[in-house]
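K.L.:
The following block contains the structure, expressed as structure tokens.
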Protein chains: 4
Amino acid sequence: MPSSLQLDEPTVSTTRDALLLNYEQIRHDSELICAPLETEDYCIQTMSDVSPAKWHLAHTSWFFETFLLLPFVKTYRCFNPVFDYLFNSYYLTHGQPFSRPARGLLSRPTVAEIHQYRAAVDEAMVELITTAAEMQWQELEPLIVLGLNHEQQHQELMLTDLKHVFAQNPLHPRYRELSSPPLHQVSDISWVTVDKGIYNIGHSGAGFGYDNEYPRHQGLLQPFALASRPVTNAEYLEFINDGGYSNPALWLSDGWTCVQTHAWHAPLYWEQRDSEWWHMTLGGMRPLDLNAPVCHVSQYEAAAYASWAGTRLPTEFEWEVSVSGLPVDGNLRNTDYLQPAAASGNSLLQQCYGDVWEWTASAYAPYPGYRIPAGSVGEYNGKFMSSQAVLRGGSCVTASDHIRSSYRNFFYPKDRWQFSGIRLARDL
Amino acid sequence: MPSSLQLDEPTVSTTRDALLLNYEQIRHDSELICAPLETEDYCIQTMSDVSPAKWHLAHTSWFFETFLLLPFVKTYRCFNPVFDYLFNSYYLTHGQPFSRPARGLLSRPTVAEIHQYRAAVDEAMVELITTAAEMQWQELEPLIVLGLNHEQQHQELMLTDLKHVFAQNPLHPRYRELSSPPLHQVSDISWVTVDKGIYNIGHSGAGFGYDNEYPRHQGLLQPFALASRPVTNAEYLEFINDGGYSNPALWLSDGWTCVQTHAWHAPLYWEQRDSEWWHMTLGGMRPLDLNAPVCHVSQYEAAAYASWAGTRLPTEFEWEVSVSGLPVDGNLRNTDYLQPAAASGNSLLQQCYGDVWEWTASAYAPYPGYRIPAGSVGEYNGKFMSSQAVLRGGSCVTASDHIRSSYRNFFYPKDRWQFSGIRLARDL
Amino acid sequence: MPSSLQLDEPTVSTTRDALLLNYEQIRHDSELICAPLETEDYCIQTMSDVSPAKWHLAHTSWFFETFLLLPFVKTYRCFNPVFDYLFNSYYLTHGQPFSRPARGLLSRPTVAEIHQYRAAVDEAMVELITTAAEMQWQELEPLIVLGLNHEQQHQELMLTDLKHVFAQNPLHPRYRELSSPPLHQVSDISWVTVDKGIYNIGHSGAGFGYDNEYPRHQGLLQPFALASRPVTNAEYLEFINDGGYSNPALWLSDGWTCVQTHAWHAPLYWEQRDSEWWHMTLGGMRPLDLNAPVCHVSQYEAAAYASWAGTRLPTEFEWEVSVSGLPVDGNLRNTDYLQPAAASGNSLLQQCYGDVWEWTASAYAPYPGYRIPAGSVGEYNGKFMSSQAVLRGGSCVTASDHIRSSYRNFFYPKDRWQFSGIRLARDL
Amino acid sequence: MPSSLQLDEPTVSTTRDALLLNYEQIRHDSELICAPLETEDYCIQTMSDVSPAKWHLAHTSWFFETFLLLPFVKTYRCFNPVFDYLFNSYYLTHGQPFSRPARGLLSRPTVAEIHQYRAAVDEAMVELITTAAEMQWQELEPLIVLGLNHEQQHQELMLTDLKHVFAQNPLHPRYRELSSPPLHQVSDISWVTVDKGIYNIGHSGAGFGYDNEYPRHQGLLQPFALASRPVTNAEYLEFINDGGYSNPALWLSDGWTCVQTHAWHAPLYWEQRDSEWWHMTLGGMRPLDLNAPVCHVSQYEAAAYASWAGTRLPTEFEWEVSVSGLPVDGNLRNTDYLQPAAASGNSLLQQCYGDVWEWTASAYAPYPGYRIPAGSVGEYNGKFMSSQAVLRGGSCVTASDHIRSSYRNFFYPKDRWQFSGIRLARDL
């Protein structure tokens, strides 16, 4: 069991040699993430949204098998036809997938068999990357890059889902030994202002971007101010102590229904022991760091907090315009804390990348001119553009080369098991 | 039982005399709408979204009692303190309301008692309007105007809900005898183009607007084209016959879940008899008019149809910019068909007002700079700005003086019991 | 509106003239029971088990139409073919009935139309009874007697269901003005002992009995003692005050699940106002009479009480053997209290008939040799012999000629909306 | 992985040496049963009724720790206090147990840790059995015997639950390699008659019996006939092919609801491949042996079959009286088929023990004079005496020394995952 993930986390590249290297490293990262697990830990599904770790390991391999090996490698023999049913996530144009909430009911294939599946896929993929004719390569390369980004998303989900699994267990097991982030006293929020204007939104430049980040287009923003850093646990506790969870006037109607139905009274994973608050982390139960960003709140809680504070959440466009010039740096997965940390440094905007995904006020919707890509990979993003909200900036479990200013993550307003937090905005 | 509603539907006015007249006419309209009902029809709640007609009659009176009479008329005696609990809809800052799904479990107060309640409220309101001191009038007048617009919304809901009630009954009773709209052969859709530009969005001018229509602000639109008229039943049947309801590639993910969970295979209220399609109307079961706009579809169905047609739904801003110059005219409640009718005339954009509420692609969200009003009436709109979508243009059951280009209606993407239809748009 | 039901409640007879008289009186009784109702009260269904009063009125007529008029009267024209679907309760061999939980969603047919339906059925039934050929009469007569007993059962259900409807309403309307029963101080429970022996069980003699009371057969009983009277409210309060509802050791496992799921803490319809207990009655909210039998408890509560008291519930055989010699007399519907009353008199066994149905320990099962009758009426009793428990003795809303020592009523152990109470037994 | 269970299955004995041997063998059997499993197989819970194998292993140890070691061994240190919460099944007087449907959400403790737990308990138990003072032994011995019988029950449940787990998996893994039982053509059912009379019911003699088998008492039976053997798959197929699952007249009302709600159309685990029926076994998917007893039917299906065949289910008393003289022998766990087999031999009554648990018509109820034992072990049986039905005779997964004629098993009428079948009876 490694004492640290030690992931090199290479940037996904597009030259063939570099891509081969990327392929090997990213695929290896998934296995490194699972290295601290007991066999039993791979199998558990604690709610519909959570998938067992072994399912993630198999599904990411299914992606390469289904979209690369079977269509492009004549001699490739399907590893096991039933896996096509078991490890398809939601590609309905490809076939009816196995029921999502039943993923935790499968003891077989075993973890060992899934590792064999991964090895077989990897062997064939390496062969394909190495030997594909140049003409075919034009077609393969974007699919491989998509597959690697897809795998990095699932690496984040593995950590998120494992946290949920360990948190439901009264034994509070830790995922592995992890250092606690350093403590700092953070400064009060200051406000960074942006003028009214027409701004460019969406992905630009040569690197990879998902279809939902395109097309780059112009948007008109009213003047606004963005908070210098996310809301801290200390600040969120003020909201709690001021009766935030029992004052319906602060809440969206659907949010208030959640509060009452699920008896929400604090962020997910918080637990009061005597008068002190603790929270579950991947390193086990720990006392709450009051200076760290509040995490594991729903968009409803984020909006209620903002309302209580006399502010609002930023739109995703305000966020992107404010952040787009900053270096991609922060408490991401490679710091190996795997929990949000108190802000340090004295830049104007802090913690834009890493720590917590920041809920925006924006519904997840297509950009003007967006077209769903052809084929099954067209189901990757577009069909989820309903009733979900956009989050920006990555978290402490996001791979450091898997985030950028135009990156749009999306979850339902009620979701709390992601590493999601709050950055405030206000009108000028 | 009247042979026609014969509603004069006066414009809501703001001079005191005119407002008194408005008050009397609009309050009377609610009763006219109920005149054809049997006592039993007033009591039924066929799903959570539906309220019994007698509840609507009482709730609209509760609004005046609670927000006008009790705070402003010292001598007013509350009609029945329990009514404050029973007929509060969702004003949580005012108190915990009676459970919404249980509204149909109340045989008492009787319809006769609710009419007495209305009469008592009306008597006190007329006195208040007539005698309020001028200084107080500045405060009262916007609340009264709000109350009257609120009542008009509930008039539409009464007709919508009664249709649902009658449609669930195997006897298929009709609400009342209603003429069928004239038949026309409609022309093919043509496309009205709008240039890229910065446009003003939101309510302007002196008339009443809800808080959600404010503040008027600028928005940047990409060039687009809007369909000349809504999608017809004939066009929608092509989608059905082409397997639209069994092709997941056309659907948003949440929409496909609805299709499967509820076994959707046609719009709500459609019924196939031998090879012909019929649909339930407020005038009873009738054969489908193939030239009339398709109605009672969810936003999911609207989006799937648009996807099948290689188009998309317009944003609410595209809709408003396109329509804002047109006269407010169409098959609204005062034509007394109470069902959508085939387009007639040869204007470029047809049926923008009336016939069917048009689903837009826009999530219901606050305009830049929007602020929730103070007090309980602040719960009117803002707290619903989550997970719902905007519809525009009014329908065949909307009062003709209760619609305008900036009017934003909103329902969940899955909702089908409203008179909701489809207008297409496309990128240029 | 009558000041009292004034029901003569004739014994169901089997001579043709007497049966005609019975028919007219029993059918009239159903309408008398409804006479105090407002039209709105006829329509409400507050849970699946409850049916609207107008449904009861129609269903009892459907019984005569379906099993007598349509098969036996050539010239009879079905009143409305849709009624056959709407008012079939559960006779699956006759056809698929309308969904039971949706009975409250039907505003039509109106109450007036149902009265017309009753009148049409009555006219044809009177004609049939009067003119049927003697040979046919042999076949008709048992079906008519069954129909009348069926109608009496529904009369009791109407009162039971109306109580539930009025009790859910925050206005607590009363069904009609009703006298309160006289107050008495009851004596302590004494115990009536029965020797071990072989006893006859089941219906004997000439009068009507349901199929489930047959065949009369021998059973072997161990010696036991039966309590002289049902448990009172005062006694049940001791159980409550001793923590009965929070001590799992007293409860059957399924019962404890109910306690926790539904937060049971007192009998249905009890309400604590300051320190005093009130309960809903058909005469409105009233203070609890501590000497009256506890009512509206489930079999789980009855068993938990018995366990707390160191006793048990009697089997239905113990009950029948103990009671079979006693006159059928008590606080039944004809006393017109419509609520349980304190025991009076000084007989050894008190309140065996009337006041409350007494839960027994016996699962509802067929007697040895029982055969389900042929035809649709075979669905009357036999198919319910699973997972239900037997109650004996009738209640304050049972017609006085509709009860006997062999009468077996049955409900699920969790049911509380019946007038159900507790009589204890113990081993000797 | 052993090629056979090779369980010696000793009779539970009561001399101290013999009991020590029993203890060691029975505890070892539980581990032998798990030997063929992969680690992943230990963790899965496919429905609420199913527990993961590792939970069974831990819970049976918890029983000894809680009811023997902690109260009687001063020096014993609780292995892990959280286990007391995790592995309590339903002993509410002992404390609030961990949520039953969440047993499959626990990856920890691992299988290895549970084996350590078992070893620690076993070490202390062996010490206790060996060294307890004679006076204390009188108290210990019945609790140890109960714990061993309890463990044997869970051994059966492990096999039953594992079958459910493997059957839900589209890969249809087999538990282990198992021989198929020999094929035989079975004879037609003949009928064994029993005279009317007073018979003794309940446990007699010196061996162990559960509290629910006591007290032995007299019961009066009417004359009846019992079928010579259980209903076969061939016979059950006739019922299916005759439309048994679509004819409501054959079903109990609650059973018909199950048929429709769950779309039952064959026994659990049956699957039609082309025209042939296969079924899942612990040895994997196999063609149906038409001569073997039908298995995995609910009591509702058993009763519907009996009704279709013009017969009925026996009462548990009829079963016991008929079988009580026969030797305890049959296709029990020690034959190591772990599936029902065709009857062989020519005794009058065949397959009374083993093959399938036989549903009786009897509700699970206390015998006359039954008293719940004091203390937490009083929760063992009595509190389940509601809404369940009795099964008799053991099955192909019952330990051969864990069955007797007075043994009362009980499940809900809807349950199908047990090895449950049908033996018919009829009146004479």
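To be explicit about the labels: the chains of the structure tokens are called A, B, and onward in the order shown, and within each one the residues are counted from 1, while ligands get numbers from 1 in the order they are shown.
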Residues of range 22-252 of chain D in helix (DSSP H, G or I) according to DSSP, as a PyMOL selection string?
P.N.:
chain D and resi 22-34+39-43+53-72+81-86+100-105+111-131+134-168+211-213+233-241+244-246+248-250
K.L.:
Residues of chain C near chain B: apply a cut-off of 7 Å, count only C-alpha atoms, and supply the list as a list in words.
P.N.:
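Taken together, these residues fit the definition: Thr39, Glu40, Asp41, Cys43, Ile44, Gln45, Thr46, Val82, Leu105, Leu106, Ser107, Thr110, Asn169 and Leu171 of chain C.
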K.L.:
Skipping near chain neighbours, those fewer than 4 positions away, what residues fall within 8 Å of Thr130 in chain C using only C-alpha atoms, listed as an mmCIF file with N, CA, C and O atoms, in the first residue's frame?
P.N.:
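File result.cif, as written:
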```
data_model
loop_
_atom_site.group_PDB
_atom_site.id
_atom_site.type_symbol
_atom_site.label_atom_id
_atom_site.label_comp_id
_atom_site.auth_asym_id
_atom_site.auth_seq_id
_atom_site.Cartn_x
_atom_site.Cartn_y
_atom_site.Cartn_z
ATOM 1 N N ARG C 16 -91.452 -14.130 1.028
ATOM 2 C CA ARG C 16 -91.352 -13.157 -0.048
ATOM 3 C C ARG C 16 -91.881 -11.788 0.353
ATOM 4 O O ARG C 16 -91.256 -10.760 0.072
ATOM 5 N N LEU C 20 -89.644 -8.411 0.732
ATOM 6 C CA LEU C 20 -89.919 -7.148 0.042
ATOM 7 C C LEU C 20 -89.836 -5.982 1.026
ATOM 8 O O LEU C 20 -89.219 -4.951 0.758
ATOM 9 N N VAL C 126 -88.189 -4.374 -6.949
ATOM 10 C CA VAL C 126 -89.521 -4.572 -6.361
ATOM 11 C C VAL C 126 -90.389 -5.369 -7.323
ATOM 12 O O VAL C 126 -91.081 -6.320 -6.938
#
```
K.L.:
As number ranges by chain, please: the residues near Gly244 in chain A (cut-off 12 Å, only C-alpha atoms, same-chain neighbours under 5 positions excluded).
P.N.:
A: 235-239, 249-251, 256, 259, 264-266, 300-309
K.L.:
When you look at Ala167 in chain B with a cut-off of 9 Å (counting only C-alpha atoms), what residues show up, excluding the ones that are within fewer than 3 positions of it in the same chain? I need them as a ChimeraX atom specification.
P.N.:
/B:162-164,170-174,269,280-282,284-285
K.L.:
Using only all heavy atoms, please write the residues we just selected to a file, as a JSON list (two decimals), in the first residue's frame.
P.N.:
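Listed below is the output, out-v7.json:
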```json
[["chain", "number", "residue", "atom", "x", "y", "z"],
["B", 162, "LEU", "N", -59.65, 21.63, -14.11],
["B", 162, "LEU", "CA", -60.93, 20.97, -14.39],
["B", 162, "LEU", "C", -60.80, 20.03, -15.59],
["B", 162, "LEU", "O", -61.38, 18.95, -15.60],
["B", 162, "LEU", "CB", -62.01, 22.03, -14.66],
["B", 162, "LEU", "CG", -62.54, 22.75, -13.42],
["B", 162, "LEU", "CD1", -63.33, 23.99, -13.81],
["B", 162, "LEU", "CD2", -63.42, 21.80, -12.59],
["B", 163, "LYS", "N", -60.03, 20.44, -16.57],
["B", 163, "LYS", "CA", -59.83, 19.55, -17.72],
["B", 163, "LYS", "C", -59.21, 18.23, -17.26],
["B", 163, "LYS", "O", -59.62, 17.15, -17.70],
["B", 163, "LYS", "CB", -58.94, 20.22, -18.76],
["B", 163, "LYS", "CG", -58.71, 19.35, -19.99],
["B", 163, "LYS", "CD", -58.07, 20.13, -21.13],
["B", 163, "LYS", "CE", -57.87, 19.21, -22.34],
["B", 163, "LYS", "NZ", -57.32, 19.97, -23.49],
["B", 164, "HIS", "N", -58.24, 18.34, -16.35],
["B", 164, "HIS", "CA", -57.61, 17.11, -15.84],
["B", 164, "HIS", "C", -58.62, 16.25, -15.09],
["B", 164, "HIS", "O", -58.66, 15.03, -15.24],
["B", 164, "HIS", "CB", -56.42, 17.46, -14.94],
["B", 164, "HIS", "CG", -55.50, 16.32, -14.69],
["B", 164, "HIS", "ND1", -55.60, 15.48, -13.61],
["B", 164, "HIS", "CD2", -54.45, 15.84, -15.42],
["B", 164, "HIS", "CE1", -54.67, 14.56, -13.67],
["B", 164, "HIS", "NE2", -53.95, 14.75, -14.74],
["B", 170, "PRO", "N", -63.91, 8.06, -16.46],
["B", 170, "PRO", "CA", -64.27, 7.22, -17.61],
["B", 170, "PRO", "C", -65.56, 7.67, -18.30],
["B", 170, "PRO", "O", -65.80, 7.27, -19.44],
["B", 170, "PRO", "CB", -64.47, 5.84, -16.97],
["B", 170, "PRO", "CG", -63.68, 5.87, -15.71],
["B", 170, "PRO", "CD", -63.75, 7.29, -15.23],
["B", 171, "LEU", "N", -66.35, 8.50, -17.65],
["B", 171, "LEU", "CA", -67.56, 9.03, -18.29],
["B", 171, "LEU", "C", -67.23, 10.20, -19.22],
["B", 171, "LEU", "O", -68.11, 10.66, -19.96],
["B", 171, "LEU", "CB", -68.57, 9.47, -17.23],
["B", 171, "LEU", "CG", -69.15, 8.36, -16.36],
["B", 171, "LEU", "CD1", -69.83, 8.94, -15.11],
["B", 171, "LEU", "CD2", -70.14, 7.52, -17.16],
["B", 172, "HIS", "N", -66.02, 10.68, -19.18],
["B", 172, "HIS", "CA", -65.59, 11.81, -20.03],
["B", 172, "HIS", "C", -66.59, 12.96, -20.03],
["B", 172, "HIS", "O", -67.03, 13.40, -21.10],
["B", 172, "HIS", "CB", -65.36, 11.34, -21.47],
["B", 172, "HIS", "CG", -64.25, 10.37, -21.61],
["B", 172, "HIS", "ND1", -62.99, 10.60, -21.10],
["B", 172, "HIS", "CD2", -64.19, 9.16, -22.22],
["B", 172, "HIS", "CE1", -62.21, 9.56, -21.38],
["B", 172, "HIS", "NE2", -62.91, 8.68, -22.04],
["B", 173, "PRO", "N", -66.96, 13.44, -18.86],
["B", 173, "PRO", "CA", -67.94, 14.55, -18.88],
["B", 173, "PRO", "C", -67.31, 15.79, -19.51],
["B", 173, "PRO", "O", -66.10, 15.99, -19.46],
["B", 173, "PRO", "CB", -68.24, 14.78, -17.40],
["B", 173, "PRO", "CG", -67.18, 14.12, -16.63],
["B", 173, "PRO", "CD", -66.50, 13.12, -17.50],
["B", 174, "ARG", "N", -68.14, 16.62, -20.09],
["B", 174, "ARG", "CA", -67.58, 17.89, -20.61],
["B", 174, "ARG", "C", -67.85, 18.98, -19.59],
["B", 174, "ARG", "O", -68.85, 18.95, -18.85],
["B", 174, "ARG", "CB", -68.16, 18.23, -21.96],
["B", 174, "ARG", "CG", -69.63, 18.52, -21.94],
["B", 174, "ARG", "CD", -70.15, 18.81, -23.33],
["B", 174, "ARG", "NE", -71.59, 18.91, -23.24],
["B", 174, "ARG", "CZ", -72.42, 18.59, -24.20],
["B", 174, "ARG", "NH1", -71.95, 18.12, -25.35],
["B", 174, "ARG", "NH2", -73.72, 18.72, -24.04],
["B", 269, "TYR", "N", -53.93, 13.35, -22.84],
["B", 269, "TYR", "CA", -55.34, 13.49, -23.27],
["B", 269, "TYR", "C", -55.61, 12.93, -24.67],
["B", 269, "TYR", "O", -56.72, 13.03, -25.15],
["B", 269, "TYR", "CB", -55.82, 14.96, -23.21],
["B", 269, "TYR", "CG", -55.72, 15.60, -21.85],
["B", 269, "TYR", "CD1", -55.27, 16.91, -21.70],
["B", 269, "TYR", "CD2", -56.09, 14.91, -20.70],
["B", 269, "TYR", "CE1", -55.19, 17.53, -20.46],
["B", 269, "TYR", "CE2", -56.00, 15.51, -19.45],
["B", 269, "TYR", "CZ", -55.54, 16.83, -19.34],
["B", 269, "TYR", "OH", -55.47, 17.43, -18.11],
["B", 280, "MET", "N", -59.24, 14.63, -25.36],
["B", 280, "MET", "CA", -60.19, 15.21, -24.43],
["B", 280, "MET", "C", -60.07, 16.73, -24.51],
["B", 280, "MET", "O", -58.96, 17.28, -24.54],
["B", 280, "MET", "CB", -59.87, 14.74, -23.01],
["B", 280, "MET", "CG", -60.82, 15.23, -21.94],
["B", 280, "MET", "SD", -62.50, 14.54, -22.14],
["B", 280, "MET", "CE", -63.32, 15.26, -20.70],
["B", 281, "THR", "N", -61.21, 17.41, -24.56],
["B", 281, "THR", "CA", -61.23, 18.88, -24.51],
["B", 281, "THR", "C", -62.22, 19.29, -23.41],
["B", 281, "THR", "O", -62.94, 18.44, -22.87],
["B", 281, "THR", "CB", -61.70, 19.49, -25.84],
["B", 281, "THR", "OG1", -63.12, 19.27, -25.95],
["B", 281, "THR", "CG2", -60.99, 18.87, -27.03],
["B", 282, "LEU", "N", -62.25, 20.56, -23.10],
["B", 282, "LEU", "CA", -63.25, 21.03, -22.13],
["B", 282, "LEU", "C", -64.66, 20.86, -22.69],
["B", 282, "LEU", "O", -65.63, 20.84, -21.93],
["B", 282, "LEU", "CB", -62.96, 22.47, -21.75],
["B", 282, "LEU", "CG", -61.76, 22.61, -20.78],
["B", 282, "LEU", "CD1", -61.28, 24.06, -20.69],
["B", 282, "LEU", "CD2", -62.14, 22.12, -19.39],
["B", 284, "GLY", "N", -65.51, 18.06, -24.15],
["B", 284, "GLY", "CA", -65.67, 16.61, -24.24],
["B", 284, "GLY", "C", -64.69, 15.98, -25.23],
["B", 284, "GLY", "O", -63.80, 16.66, -25.75],
["B", 285, "MET", "N", -64.82, 14.69, -25.46],
["B", 285, "MET", "CA", -63.93, 13.99, -26.39],
["B", 285, "MET", "C", -64.24, 14.43, -27.81],
["B", 285, "MET", "O", -65.40, 14.44, -28.23],
["B", 285, "MET", "CB", -64.13, 12.47, -26.27],
["B", 285, "MET", "CG", -63.59, 11.82, -25.02],
["B", 285, "MET", "SD", -61.78, 11.96, -24.76],
["B", 285, "MET", "CE", -61.14, 10.98, -26.13]]
```
K.L.:
Within 7 Å of Thr315 in chain D, counting only C-alpha atoms, which residues qualify if same-chain residues fewer than 2 places away don't, as an NGL selection string?
P.N.:
:D and (313 or 317-319 or 360-362)
K.L.:
Using only C-alpha atoms, which of A:Ala365, A:Cys396, A:Ala342, A:Leu290 sits nearest Trp278 in chain A?
P.N.:
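Smallest separation from Trp278 in chain A among the options: A:Leu290.
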K.L.:
Got a sec: who's within 9 Å of Ser61 in chain C, counting only C-alpha atoms, leaving out chain neighbours fewer than 5 positions off, as a PyMOL selection string?
P.N.:
chain C and resi 27+56+66+87+117-118+121-122+147+151
K.L.:
Take the selection from the previous step and output its residues with C-alpha atoms, as a PDB file, in the first residue's frame.
P.N.:
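Saved result, again-v8.pdb, follows:
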```
ATOM      1  CA  ARG C  27     -82.397   0.267   0.945  1.00  0.00           C
ATOM      2  CA  HIS C  56     -71.185   3.004  -1.408  1.00  0.00           C
ATOM      3  CA  THR C  66     -75.358  -7.221 -11.604  1.00  0.00           C
ATOM      4  CA  PHE C  87     -68.977   0.434  -9.152  1.00  0.00           C
ATOM      5  CA  TYR C 117     -79.639   4.861 -10.312  1.00  0.00           C
ATOM      6  CA  ARG C 118     -80.827   3.597  -6.940  1.00  0.00           C
ATOM      7  CA  VAL C 121     -82.684  -0.487  -9.473  1.00  0.00           C
ATOM      8  CA  ASP C 122     -85.255  -0.396  -6.683  1.00  0.00           C
ATOM      9  CA  GLY C 147     -77.517  -8.336  -1.294  1.00  0.00           C
ATOM     10  CA  GLU C 151     -75.877  -3.398   1.916  1.00  0.00           C
TER      11      GLU C 151
END
```
K.L.:
Mind giving me the straight-line distance from CA of Ala119 in chain C to CA of Leu32 in chain C in Å, one decimal?
P.N.:
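Between these atoms lies a distance of 14.3 Å.
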K.L.:
In Å, how far is it from CA of Phe79 in chain A to CA of Tyr175 in chain D?
P.N.:
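Pair CA of Phe79 in chain A / CA of Tyr175 in chain D returns 22.6 Å.
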K.L.:
Check range 90-217 of chain C with DSSP on the backbone and list each residue it calls strand (DSSP E), as a list in words.
P.N.:
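Put together, the selection reads Trp191, Val192, Thr193, Val194, Gly197, Ile198, Tyr199, Asn200, Ile201 and His217 of chain C.
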K.L.:
With N, CA and C atoms kept, could you save the residues just selected as a JSON list (two decimals), in the first residue's frame?
P.N.:
```json
[["chain", "number", "residue", "atom", "x", "y", "z"],
["C", 191, "TRP", "N", -63.33, -12.22, 35.46],
["C", 191, "TRP", "CA", -62.97, -13.21, 34.44],
["C", 191, "TRP", "C", -63.98, -14.35, 34.42],
["C", 192, "VAL", "N", -64.47, -14.64, 33.25],
["C", 192, "VAL", "CA", -65.44, -15.72, 33.08],
["C", 192, "VAL", "C", -64.69, -16.92, 32.53],
["C", 193, "THR", "N", -64.78, -18.04, 33.23],
["C", 193, "THR", "CA", -63.95, -19.18, 32.84],
["C", 193, "THR", "C", -64.75, -20.19, 32.02],
["C", 194, "VAL", "N", -64.05, -20.85, 31.13],
["C", 194, "VAL", "CA", -64.64, -21.88, 30.28],
["C", 194, "VAL", "C", -63.77, -23.11, 30.38],
["C", 197, "GLY", "N", -62.79, -28.48, 26.48],
["C", 197, "GLY", "CA", -63.85, -29.31, 25.93],
["C", 197, "GLY", "C", -63.93, -29.22, 24.43],
["C", 198, "ILE", "N", -64.77, -30.02, 23.89],
["C", 198, "ILE", "CA", -65.05, -29.98, 22.45],
["C", 198, "ILE", "C", -66.32, -29.18, 22.27],
["C", 199, "TYR", "N", -66.24, -28.16, 21.46],
["C", 199, "TYR", "CA", -67.37, -27.24, 21.28],
["C", 199, "TYR", "C", -67.73, -27.15, 19.82],
["C", 200, "ASN", "N", -68.98, -26.80, 19.57],
["C", 200, "ASN", "CA", -69.40, -26.54, 18.20],
["C", 200, "ASN", "C", -69.11, -25.10, 17.84],
["C", 201, "ILE", "N", -68.58, -24.92, 16.66],
["C", 201, "ILE", "CA", -68.19, -23.61, 16.16],
["C", 201, "ILE", "C", -68.90, -23.38, 14.83],
["C", 217, "HIS", "N", -68.76, -26.93, 12.92],
["C", 217, "HIS", "CA", -67.84, -28.04, 13.13],
["C", 217, "HIS", "C", -67.39, -28.04, 14.58]]
```
K.L.:
Measuring atom to atom with only C-alpha atoms, identify which of C:Gly393, C:Gly219, C:Gly283, C:Asp254 is nearest to Tyr412 in chain D.
P.N.:
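Of the candidates, the smallest distance to Tyr412 in chain D is held by C:Asp254.
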